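**Student:** Before I ask anything, let me first share the structure, which is written out below as structure tokens.
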Amino acid sequence: MTSFDRETLQQDFFSLFGLPRQQGLDADQLELLYRDIQSKVHPDKHAHLADSDKRLAMQWATHVNEAYQTLKDPLKRARYLLQLAGHDVRLETNTAMPAEFLIAQMELREAVAEAKDAGDAETLDDLHRHLKKDSRAEYALLQEALDAGALGRAGELVRQLMFQEKLLQEIDDALALVEG
């Protein structure tokens with residue numbers, strides 16, 4: 001399987017795609033690189049080979065899919081970059097966040113619950129737009145922190161963005177319920 005061997009299977013996700021280890025990525029370029037590599041390692045292309053080569057092709061396809069899913073998602077990509085840098089975000093044990101952020105999240109959650117209970121799709125849309133705007137700003141700060149090597153700050157932003165992403169999903173679910 002040419003360069004797709006067991007040794008290169010151990011490459012980090014950025015190296016696999018020939019991309020620099022950075023938060024900012026060109027999503028279109030990543031998609032093209034993914035499709036190119038996947039077309040070479042897809043198990044169907046290796047069905048005629050020996051069982052060991054078929055297994056290797058399956059491992060490669062799985063690795064490429066995992067790498068793509070990680071790198072295409074900005075939050076997963078940030079967590080992966082922190083992991084590569086040896087920085088533990090401590091998601092399970094570090095729940096400390098700025099009080100201002102937590103208060104804002106509580107207020108947003110209450111507003112979402114009230115709008116959901118009232119069947120108010122317009123308010124839910126407004127909340128979604130507001131939170132999406134805030135999230136974009138947080139992602140920009142996250143990229144800056146990672147680029148500057150401020151891993152502690154980046155870890156804090158990752159934890160905050162996880163809250164925001166979860167709330168965005170809750171708003172989407174509420175909208176589906178209200179509009180459905």
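Residues are named by chain letter and number: chains run A, B, ... in the order of the structure tokens, numbers start at 1 in each chain, and ligands are numbered from 1 in the order shown.
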Set the distance at 12 Å and use only C-alpha atoms: which residues neighbour range 150-166 of chain A once local chain neighbours fewer than 4 positions away are removed? I'd like the list as a PyMOL selection string.
**Tutor:** chain A and resi 23+73-102+104-106+108-109+127-128+130-146+170-173
**Student:** DSSP on the backbone, then: every residue of range 54-175 of chain A marked alpha helix (DSSP H), written as a compact mmCIF listing (two decimals) with N, CA and C atoms, in the first residue's frame.
**Tutor:**
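For reference, part.txt as written:
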```txt
# COMPACT_ATOMS: atom_id res chain seq x y z
N LYS A 54 -5.78 -5.92 3.66
CA LYS A 54 -7.17 -5.44 3.80
C LYS A 54 -7.38 -4.84 5.19
N ARG A 55 -6.82 -5.51 6.21
CA ARG A 55 -6.93 -4.98 7.57
C ARG A 55 -6.21 -3.64 7.69
N LEU A 56 -5.06 -3.52 7.07
CA LEU A 56 -4.32 -2.27 7.10
C LEU A 56 -5.10 -1.16 6.40
N ALA A 57 -5.73 -1.50 5.29
CA ALA A 57 -6.56 -0.51 4.58
C ALA A 57 -7.72 -0.07 5.47
N MET A 58 -8.32 -0.99 6.19
CA MET A 58 -9.42 -0.65 7.09
C MET A 58 -8.92 0.25 8.22
N GLN A 59 -7.74 -0.07 8.76
CA GLN A 59 -7.17 0.79 9.81
C GLN A 59 -6.90 2.19 9.27
N TRP A 60 -6.38 2.26 8.07
CA TRP A 60 -6.11 3.56 7.47
C TRP A 60 -7.39 4.34 7.24
N ALA A 61 -8.39 3.69 6.70
CA ALA A 61 -9.66 4.38 6.44
C ALA A 61 -10.25 4.90 7.74
N THR A 62 -10.18 4.11 8.79
CA THR A 62 -10.68 4.52 10.10
C THR A 62 -9.88 5.70 10.63
N HIS A 63 -8.56 5.63 10.51
CA HIS A 63 -7.68 6.70 10.99
C HIS A 63 -7.94 7.99 10.22
N VAL A 64 -8.08 7.89 8.91
CA VAL A 64 -8.33 9.07 8.08
C VAL A 64 -9.69 9.68 8.44
N ASN A 65 -10.70 8.86 8.64
CA ASN A 65 -12.03 9.37 9.04
C ASN A 65 -11.97 10.08 10.39
N GLU A 66 -11.29 9.46 11.35
CA GLU A 66 -11.17 10.06 12.68
C GLU A 66 -10.42 11.39 12.59
N ALA A 67 -9.35 11.41 11.81
CA ALA A 67 -8.56 12.64 11.65
C ALA A 67 -9.41 13.73 11.02
N TYR A 68 -10.15 13.39 9.99
CA TYR A 68 -10.99 14.37 9.31
C TYR A 68 -12.07 14.92 10.24
N GLN A 69 -12.75 14.02 10.96
CA GLN A 69 -13.81 14.45 11.88
C GLN A 69 -13.26 15.36 12.98
N THR A 70 -12.05 15.10 13.41
CA THR A 70 -11.42 15.92 14.45
C THR A 70 -11.02 17.29 13.91
N LEU A 71 -10.39 17.30 12.76
CA LEU A 71 -9.85 18.56 12.24
C LEU A 71 -10.92 19.46 11.64
N LYS A 72 -12.02 18.89 11.16
CA LYS A 72 -13.04 19.75 10.55
C LYS A 72 -13.87 20.49 11.60
N PRO A 74 -13.95 22.83 14.74
CA PRO A 74 -13.01 23.73 15.43
C PRO A 74 -12.79 23.41 16.90
N LEU A 75 -13.83 22.96 17.58
CA LEU A 75 -13.69 22.65 19.00
C LEU A 75 -12.87 21.36 19.19
N LYS A 76 -13.16 20.35 18.40
CA LYS A 76 -12.38 19.11 18.48
C LYS A 76 -10.94 19.36 18.07
N ARG A 77 -10.76 20.20 17.06
CA ARG A 77 -9.41 20.54 16.60
C ARG A 77 -8.62 21.22 17.71
N ALA A 78 -9.25 22.14 18.42
CA ALA A 78 -8.58 22.84 19.52
C ALA A 78 -8.21 21.86 20.63
N ARG A 79 -9.12 20.99 20.97
CA ARG A 79 -8.83 20.00 22.00
C ARG A 79 -7.67 19.10 21.58
N TYR A 80 -7.65 18.75 20.30
CA TYR A 80 -6.58 17.90 19.77
C TYR A 80 -5.24 18.64 19.81
N LEU A 81 -5.24 19.91 19.43
CA LEU A 81 -4.01 20.71 19.49
C LEU A 81 -3.50 20.79 20.93
N LEU A 82 -4.39 20.99 21.87
CA LEU A 82 -3.99 21.05 23.27
C LEU A 82 -3.42 19.70 23.72
N GLN A 83 -4.04 18.63 23.27
CA GLN A 83 -3.55 17.29 23.59
C GLN A 83 -2.14 17.09 23.01
N LEU A 84 -1.94 17.48 21.75
CA LEU A 84 -0.62 17.34 21.13
C LEU A 84 0.44 18.15 21.88
N ALA A 99 -17.22 33.86 36.62
CA ALA A 99 -18.59 34.03 37.11
C ALA A 99 -19.46 34.75 36.08
N GLU A 100 -18.91 35.74 35.42
CA GLU A 100 -19.67 36.48 34.41
C GLU A 100 -20.16 35.55 33.29
N PHE A 101 -19.30 34.65 32.86
CA PHE A 101 -19.67 33.69 31.82
C PHE A 101 -20.78 32.77 32.32
N LEU A 102 -20.63 32.24 33.53
CA LEU A 102 -21.63 31.31 34.07
C LEU A 102 -22.99 31.99 34.26
N ILE A 103 -22.97 33.22 34.72
CA ILE A 103 -24.23 33.97 34.89
C ILE A 103 -24.91 34.17 33.55
N ALA A 104 -24.13 34.56 32.55
CA ALA A 104 -24.69 34.75 31.21
C ALA A 104 -25.27 33.45 30.67
N GLN A 105 -24.59 32.33 30.92
CA GLN A 105 -25.09 31.04 30.45
C GLN A 105 -26.41 30.67 31.14
N MET A 106 -26.48 30.93 32.45
CA MET A 106 -27.71 30.64 33.19
C MET A 106 -28.87 31.48 32.65
N GLU A 107 -28.60 32.76 32.40
CA GLU A 107 -29.65 33.63 31.87
C GLU A 107 -30.10 33.18 30.49
N LEU A 108 -29.17 32.78 29.67
CA LEU A 108 -29.52 32.27 28.33
C LEU A 108 -30.36 31.00 28.44
N ARG A 109 -29.96 30.10 29.31
CA ARG A 109 -30.71 28.84 29.48
C ARG A 109 -32.14 29.13 29.95
N GLU A 110 -32.28 30.07 30.88
CA GLU A 110 -33.62 30.44 31.34
C GLU A 110 -34.44 31.03 30.20
N ALA A 111 -33.82 31.88 29.40
CA ALA A 111 -34.53 32.49 28.27
C ALA A 111 -34.94 31.43 27.25
N VAL A 112 -34.08 30.46 27.02
CA VAL A 112 -34.40 29.37 26.09
C VAL A 112 -35.58 28.57 26.63
N ALA A 113 -35.55 28.24 27.92
CA ALA A 113 -36.64 27.46 28.52
C ALA A 113 -37.97 28.22 28.43
N GLU A 114 -37.93 29.52 28.73
CA GLU A 114 -39.15 30.32 28.65
C GLU A 114 -39.69 30.39 27.22
N ALA A 115 -38.81 30.61 26.25
CA ALA A 115 -39.23 30.69 24.85
C ALA A 115 -39.76 29.35 24.37
N LYS A 116 -39.13 28.29 24.80
CA LYS A 116 -39.58 26.95 24.42
C LYS A 116 -40.97 26.68 24.99
N ASP A 117 -41.14 26.99 26.28
CA ASP A 117 -42.44 26.77 26.92
C ASP A 117 -43.54 27.61 26.27
N ALA A 118 -43.18 28.81 25.82
CA ALA A 118 -44.15 29.71 25.19
C ALA A 118 -44.35 29.41 23.71
N ALA A 121 -40.82 30.77 18.61
CA ALA A 121 -39.73 30.46 17.67
C ALA A 121 -38.89 31.70 17.36
N GLU A 122 -39.53 32.87 17.32
CA GLU A 122 -38.78 34.09 17.00
C GLU A 122 -37.72 34.38 18.07
N THR A 123 -38.11 34.26 19.33
CA THR A 123 -37.15 34.49 20.41
C THR A 123 -36.05 33.44 20.38
N LEU A 124 -36.41 32.20 20.11
CA LEU A 124 -35.40 31.14 20.02
C LEU A 124 -34.42 31.44 18.89
N ASP A 125 -34.92 31.91 17.75
CA ASP A 125 -34.05 32.30 16.64
C ASP A 125 -33.11 33.43 17.06
N ASP A 126 -33.65 34.42 17.75
CA ASP A 126 -32.83 35.53 18.22
C ASP A 126 -31.74 35.06 19.18
N LEU A 127 -32.12 34.19 20.09
CA LEU A 127 -31.15 33.65 21.05
C LEU A 127 -30.06 32.86 20.32
N HIS A 128 -30.48 32.10 19.32
CA HIS A 128 -29.51 31.31 18.54
C HIS A 128 -28.52 32.22 17.83
N ARG A 129 -29.04 33.28 17.19
CA ARG A 129 -28.16 34.23 16.48
C ARG A 129 -27.19 34.91 17.46
N HIS A 130 -27.71 35.31 18.59
CA HIS A 130 -26.89 35.98 19.61
C HIS A 130 -25.78 35.05 20.10
N LEU A 131 -26.14 33.83 20.42
CA LEU A 131 -25.16 32.88 20.94
C LEU A 131 -24.16 32.49 19.86
N LYS A 132 -24.61 32.35 18.64
CA LYS A 132 -23.72 32.02 17.52
C LYS A 132 -22.68 33.14 17.34
N LYS A 133 -23.13 34.39 17.44
CA LYS A 133 -22.23 35.53 17.32
C LYS A 133 -21.19 35.49 18.44
N ASP A 134 -21.65 35.26 19.67
CA ASP A 134 -20.73 35.17 20.80
C ASP A 134 -19.74 34.02 20.61
N SER A 135 -20.22 32.90 20.09
CA SER A 135 -19.35 31.74 19.87
C SER A 135 -18.28 32.05 18.83
N ARG A 136 -18.65 32.75 17.77
CA ARG A 136 -17.65 33.12 16.75
C ARG A 136 -16.55 33.97 17.38
N ALA A 137 -16.94 34.89 18.24
CA ALA A 137 -15.94 35.72 18.92
C ALA A 137 -15.05 34.86 19.82
N GLU A 138 -15.64 33.91 20.52
CA GLU A 138 -14.87 33.02 21.39
C GLU A 138 -13.91 32.16 20.57
N TYR A 139 -14.37 31.68 19.41
CA TYR A 139 -13.49 30.88 18.55
C TYR A 139 -12.30 31.72 18.06
N ALA A 140 -12.54 32.98 17.77
CA ALA A 140 -11.44 33.87 17.36
C ALA A 140 -10.44 34.03 18.51
N LEU A 141 -10.94 34.19 19.73
CA LEU A 141 -10.07 34.29 20.90
C LEU A 141 -9.30 32.98 21.12
N LEU A 142 -9.98 31.88 20.88
CA LEU A 142 -9.35 30.57 21.02
C LEU A 142 -8.19 30.43 20.04
N GLN A 143 -8.42 30.82 18.79
CA GLN A 143 -7.36 30.73 17.79
C GLN A 143 -6.18 31.62 18.19
N GLU A 144 -6.47 32.80 18.67
CA GLU A 144 -5.40 33.71 19.12
C GLU A 144 -4.61 33.08 20.28
N ALA A 145 -5.32 32.49 21.22
CA ALA A 145 -4.67 31.88 22.38
C ALA A 145 -3.78 30.72 21.95
N LEU A 146 -4.29 29.88 21.06
CA LEU A 146 -3.49 28.75 20.58
C LEU A 146 -2.28 29.23 19.79
N ASP A 147 -2.48 30.20 18.93
CA ASP A 147 -1.37 30.73 18.13
C ASP A 147 -0.29 31.34 19.01
N LEU A 151 -1.75 28.13 26.41
CA LEU A 151 -2.51 26.88 26.51
C LEU A 151 -3.55 26.90 27.63
N GLY A 152 -3.22 27.52 28.76
CA GLY A 152 -4.18 27.62 29.85
C GLY A 152 -5.42 28.38 29.42
N ARG A 153 -5.21 29.52 28.78
CA ARG A 153 -6.33 30.34 28.28
C ARG A 153 -7.11 29.55 27.23
N ALA A 154 -6.40 28.87 26.34
CA ALA A 154 -7.07 28.08 25.31
C ALA A 154 -7.93 26.99 25.95
N GLY A 155 -7.42 26.35 26.98
CA GLY A 155 -8.20 25.32 27.67
C GLY A 155 -9.46 25.89 28.29
N GLU A 156 -9.34 27.08 28.87
CA GLU A 156 -10.51 27.75 29.45
C GLU A 156 -11.55 28.04 28.36
N LEU A 157 -11.09 28.53 27.23
CA LEU A 157 -12.01 28.84 26.13
C LEU A 157 -12.66 27.57 25.56
N VAL A 158 -11.92 26.49 25.51
CA VAL A 158 -12.49 25.23 25.05
C VAL A 158 -13.64 24.82 25.97
N ARG A 159 -13.42 24.91 27.27
CA ARG A 159 -14.49 24.54 28.21
C ARG A 159 -15.71 25.45 28.04
N GLN A 160 -15.47 26.75 27.85
CA GLN A 160 -16.60 27.68 27.65
C GLN A 160 -17.33 27.37 26.34
N LEU A 161 -16.59 27.10 25.29
CA LEU A 161 -17.21 26.81 24.01
C LEU A 161 -18.01 25.51 24.05
N MET A 162 -17.58 24.58 24.87
CA MET A 162 -18.36 23.35 25.02
C MET A 162 -19.74 23.67 25.61
N PHE A 163 -19.78 24.57 26.57
CA PHE A 163 -21.06 25.03 27.14
C PHE A 163 -21.91 25.66 26.04
N GLN A 164 -21.29 26.55 25.27
CA GLN A 164 -22.03 27.27 24.24
C GLN A 164 -22.54 26.33 23.15
N GLU A 165 -21.71 25.38 22.74
CA GLU A 165 -22.13 24.44 21.70
C GLU A 165 -23.31 23.59 22.19
N LYS A 166 -23.25 23.21 23.46
CA LYS A 166 -24.35 22.42 24.02
C LYS A 166 -25.64 23.25 24.05
N LEU A 167 -25.52 24.50 24.42
CA LEU A 167 -26.70 25.37 24.46
C LEU A 167 -27.24 25.63 23.05
N LEU A 168 -26.35 25.79 22.08
CA LEU A 168 -26.81 25.94 20.69
C LEU A 168 -27.62 24.72 20.25
N GLN A 169 -27.15 23.55 20.64
CA GLN A 169 -27.88 22.32 20.30
C GLN A 169 -29.24 22.29 21.00
N GLU A 170 -29.29 22.74 22.24
CA GLU A 170 -30.56 22.79 22.97
C GLU A 170 -31.54 23.76 22.29
N ILE A 171 -31.01 24.88 21.80
CA ILE A 171 -31.87 25.84 21.09
C ILE A 171 -32.38 25.22 19.79
N ASP A 172 -31.50 24.54 19.08
CA ASP A 172 -31.92 23.86 17.85
C ASP A 172 -33.02 22.84 18.14
N ASP A 173 -32.84 22.06 19.20
CA ASP A 173 -33.84 21.07 19.59
C ASP A 173 -35.17 21.76 19.95
N ALA A 174 -35.09 22.87 20.68
CA ALA A 174 -36.31 23.60 21.06
C ALA A 174 -37.00 24.16 19.81
N LEU A 175 -36.22 24.68 18.89
CA LEU A 175 -36.79 25.20 17.65
C LEU A 175 -37.49 24.09 16.86
```
**Student:** Could you work out how far CA of Lys45 in chain A lies from CA of Gly18 in chain A, giving the answer in Å with one decimal?
**Tutor:**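 A separation of 22.5 Å between them.
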**Student:** Identify, on the basis of only C-alpha atoms, every residue whose closest approach to Lys40 in chain A does not exceed 10 Å; exclude the query and any residue fewer than 2 positions from it along the same chain; express the result as a ChimeraX atom specification.
**Tutor:** /A:1-2,4,35-38,42-46,57,60-61
**Student:** May I ask which of the residues A:Leu30, A:Ala47, A:Ala148, A:Val178 is the closest one to Leu16 in chain A, counting only C-alpha atoms?
**Tutor:** A:Leu30
**Student:** What is the CA of Ala27 in chain A-CA of Ser15 in chain A distance in Å, reported with one decimal?
**Tutor:**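 Taking CA of Ala27 in chain A as the start and CA of Ser15 in chain A as the end point, the length is 15.8 Å.
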